[in-house]
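Below: one structure, written as structure tokens.
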Amino acid sequence: MDKKYLITGKKYLHQRTIKRNGCKRKVQRWENCKEISLHGATFEYENEICFLNNDEIQKEIIDMA
């Protein structure tokens, strides 16, 4: 998803690949967009805050609405 389409306060599907016990898995979770900046955006999931840069937003955020 292109960062210019992000809206503060809206939920987005964050899809990423993690490695656990030597196995790669695709995981997804709904994250709330808290703030958009020049270099990326800040998302919140159950009191966990994460920052994604512009490239990560392009690859990992999916707009399902």
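Chain labels A, B, ... are given in the sequence in which chains occur in the structure tokens; within each chain residues are numbered consecutively from 1, and ligands are likewise numbered from 1 in the order shown.
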* Do a neighbour search on Lys26 (chain A) at 8 Å with only C-alpha atoms, toss out local chain neighbours closer than 4 positions, and write the hits as a ChimeraX atom specification. => /A:15-18
* Fewer than 5 positions away in the same chain doesn't count, so skip those; otherwise give me all residues within 8 Å of region 43-50 of chain A, counting only C-alpha atoms, as a PyMOL selection string. => chain A and resi 30-35
* **Interatomic distance (Å, one decimal) between CA of Asp55 (chain A) and CA of Arg20 (chain A)** =>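 Interatomic distance here is 23.2 Å.
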* Assign secondary structure with DSSP using the backbone only, and return the residues of chain A in strand (DSSP E or B) as a PyMOL selection string. => chain A and resi 11-20+23-37+40-45+48-53+61-62
Could you take the residues named above and write them with N, CA, C and O atoms, as a short mmCIF file (atom, residue, chain, number, x, y, z; two decimals), in the first residue's frame?
```
data_model
loop_
_atom_site.label_atom_id
_atom_site.label_comp_id
_atom_site.auth_asym_id
_atom_site.auth_seq_id
_atom_site.Cartn_x
_atom_site.Cartn_y
_atom_site.Cartn_z
N LYS A 11 -7.79 1.29 10.83
CA LYS A 11 -7.10 0.01 11.01
C LYS A 11 -6.69 -0.57 9.66
O LYS A 11 -7.45 -0.50 8.69
N TYR A 12 -5.49 -1.14 9.64
CA TYR A 12 -4.95 -1.75 8.43
C TYR A 12 -4.43 -3.14 8.76
O TYR A 12 -3.99 -3.40 9.88
N LEU A 13 -4.45 -4.01 7.78
CA LEU A 13 -3.93 -5.36 7.94
C LEU A 13 -2.42 -5.35 7.70
O LEU A 13 -1.97 -4.93 6.64
N HIS A 14 -1.67 -5.78 8.71
CA HIS A 14 -0.21 -5.84 8.62
C HIS A 14 0.16 -7.29 8.39
O HIS A 14 -0.05 -8.14 9.25
N GLN A 15 0.72 -7.59 7.23
CA GLN A 15 1.11 -8.95 6.88
C GLN A 15 2.63 -8.99 6.75
O GLN A 15 3.21 -8.22 6.00
N ARG A 16 3.25 -9.88 7.50
CA ARG A 16 4.71 -9.98 7.47
C ARG A 16 5.13 -11.43 7.62
O ARG A 16 4.33 -12.29 7.97
N THR A 17 6.40 -11.68 7.36
CA THR A 17 6.96 -13.02 7.50
C THR A 17 7.90 -13.03 8.69
O THR A 17 8.76 -12.16 8.81
N ILE A 18 7.69 -14.00 9.59
CA ILE A 18 8.57 -14.13 10.75
C ILE A 18 9.23 -15.50 10.71
O ILE A 18 8.76 -16.42 10.04
N LYS A 19 10.31 -15.64 11.45
CA LYS A 19 11.00 -16.92 11.55
C LYS A 19 10.92 -17.37 13.00
O LYS A 19 11.37 -16.69 13.91
N ARG A 20 10.30 -18.52 13.22
CA ARG A 20 10.14 -19.07 14.57
C ARG A 20 10.50 -20.54 14.54
O ARG A 20 9.99 -21.30 13.73
N CYS A 23 11.43 -22.06 11.19
CA CYS A 23 10.42 -22.09 10.13
C CYS A 23 9.93 -20.68 9.83
O CYS A 23 9.69 -19.90 10.75
N LYS A 24 9.78 -20.38 8.57
CA LYS A 24 9.23 -19.09 8.17
C LYS A 24 7.72 -19.20 8.11
O LYS A 24 7.18 -20.17 7.57
N ARG A 25 7.04 -18.20 8.68
CA ARG A 25 5.58 -18.19 8.68
C ARG A 25 5.08 -16.80 8.34
O ARG A 25 5.67 -15.80 8.75
N LYS A 26 3.97 -16.76 7.61
CA LYS A 26 3.31 -15.49 7.34
C LYS A 26 2.31 -15.24 8.46
O LYS A 26 1.50 -16.12 8.78
N VAL A 27 2.38 -14.08 9.05
CA VAL A 27 1.45 -13.71 10.11
C VAL A 27 0.75 -12.41 9.72
O VAL A 27 1.29 -11.60 8.98
N GLN A 28 -0.46 -12.25 10.23
CA GLN A 28 -1.24 -11.06 9.97
C GLN A 28 -1.86 -10.57 11.26
O GLN A 28 -2.19 -11.37 12.14
N ARG A 29 -2.02 -9.24 11.34
CA ARG A 29 -2.76 -8.67 12.46
C ARG A 29 -3.26 -7.29 12.05
O ARG A 29 -2.67 -6.62 11.21
N TRP A 30 -4.37 -6.90 12.66
CA TRP A 30 -4.95 -5.60 12.39
C TRP A 30 -4.28 -4.58 13.31
O TRP A 30 -4.24 -4.78 14.52
N GLU A 31 -3.76 -3.52 12.73
CA GLU A 31 -3.08 -2.48 13.49
C GLU A 31 -3.72 -1.14 13.21
O GLU A 31 -4.13 -0.86 12.08
N ASN A 32 -3.79 -0.32 14.24
CA ASN A 32 -4.37 1.01 14.15
C ASN A 32 -3.27 2.02 13.80
O ASN A 32 -2.23 2.05 14.45
N CYS A 33 -3.47 2.81 12.77
CA CYS A 33 -2.50 3.83 12.36
C CYS A 33 -2.59 5.01 13.33
O CYS A 33 -3.64 5.65 13.45
N LYS A 34 -1.53 5.28 14.07
CA LYS A 34 -1.53 6.34 15.07
C LYS A 34 -0.99 7.66 14.55
O LYS A 34 -1.50 8.72 14.89
N GLU A 35 0.06 7.60 13.73
CA GLU A 35 0.70 8.83 13.27
C GLU A 35 1.42 8.55 11.95
O GLU A 35 2.01 7.50 11.77
N ILE A 36 1.38 9.53 11.07
CA ILE A 36 2.06 9.43 9.78
C ILE A 36 3.13 10.52 9.74
O ILE A 36 2.86 11.67 10.05
N SER A 37 4.35 10.12 9.37
CA SER A 37 5.45 11.08 9.31
C SER A 37 6.09 11.02 7.93
O SER A 37 5.72 10.23 7.08
N GLY A 40 7.77 7.46 7.46
CA GLY A 40 6.99 6.25 7.68
C GLY A 40 5.75 6.52 8.47
O GLY A 40 5.18 7.61 8.42
N ALA A 41 5.32 5.53 9.25
CA ALA A 41 4.12 5.67 10.07
C ALA A 41 4.24 4.82 11.32
O ALA A 41 4.95 3.82 11.35
N THR A 42 3.51 5.23 12.35
CA THR A 42 3.48 4.52 13.62
C THR A 42 2.14 3.81 13.73
O THR A 42 1.09 4.39 13.49
N PHE A 43 2.20 2.52 14.11
CA PHE A 43 1.01 1.70 14.26
C PHE A 43 0.95 1.15 15.68
O PHE A 43 1.97 0.97 16.33
N GLU A 44 -0.29 0.85 16.14
CA GLU A 44 -0.48 0.31 17.48
C GLU A 44 -1.30 -0.97 17.39
O GLU A 44 -2.29 -1.04 16.66
N TYR A 45 -0.87 -1.98 18.17
CA TYR A 45 -1.60 -3.23 18.28
C TYR A 45 -1.55 -3.68 19.73
O TYR A 45 -0.47 -4.01 20.25
N GLU A 48 1.09 -2.30 21.88
CA GLU A 48 2.41 -2.45 21.29
C GLU A 48 2.53 -1.45 20.15
O GLU A 48 1.70 -1.42 19.23
N ILE A 49 3.52 -0.59 20.23
CA ILE A 49 3.74 0.44 19.22
C ILE A 49 4.86 -0.01 18.28
O ILE A 49 5.90 -0.46 18.74
N CYS A 50 4.65 0.11 16.99
CA CYS A 50 5.71 -0.20 16.04
C CYS A 50 5.77 0.88 14.96
O CYS A 50 4.76 1.48 14.61
N PHE A 51 6.97 1.13 14.47
CA PHE A 51 7.18 2.10 13.41
C PHE A 51 7.59 1.36 12.15
O PHE A 51 8.46 0.50 12.19
N LEU A 52 6.92 1.66 11.06
CA LEU A 52 7.27 1.07 9.77
C LEU A 52 7.76 2.18 8.85
O LEU A 52 7.11 3.22 8.75
N ASN A 53 8.89 1.96 8.21
CA ASN A 53 9.37 2.97 7.27
C ASN A 53 8.58 2.85 5.96
O ASN A 53 7.76 1.97 5.79
N ILE A 61 1.71 -3.51 4.49
CA ILE A 61 0.39 -3.02 4.87
C ILE A 61 -0.60 -3.25 3.73
O ILE A 61 -0.33 -2.91 2.58
N ILE A 62 -1.75 -3.81 4.09
CA ILE A 62 -2.80 -4.11 3.11
C ILE A 62 -4.07 -3.37 3.55
O ILE A 62 -4.50 -3.49 4.69
#
```
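The list of residues with at least one atom within 8 Å of Lys3 (chain A), based on only C-alpha atoms and without residues fewer than 3 positions apart in the same chain, reads Leu6, Gly40, Asn54, Ile57 and Gln58 of chain A.
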* Asked: When DSSP works through the backbone of this structure, what residues of region 9-64 of chain A end up as helix (DSSP H, G or I), shown as a PyMOL selection string?
  -> chain A and resi 54-60
Those residues you just picked out, can you put them in a file as a PDB file, in the first residue's frame with C-alpha atoms?
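Output file selection-v5.pdb is given in full below:
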```pdb
ATOM      1  CA  ASN A  54       8.069   3.800   3.788  1.00  0.00           C
ATOM      2  CA  ASP A  55       9.443   0.602   2.198  1.00  0.00           C
ATOM      3  CA  GLU A  56       7.925  -1.610   4.899  1.00  0.00           C
ATOM      4  CA  ILE A  57       4.551   0.105   4.489  1.00  0.00           C
ATOM      5  CA  GLN A  58       4.706  -0.558   0.753  1.00  0.00           C
ATOM      6  CA  LYS A  59       5.417  -4.285   1.287  1.00  0.00           C
ATOM      7  CA  GLU A  60       3.513  -5.179   4.474  1.00  0.00           C
TER       8      GLU A  60
END
```
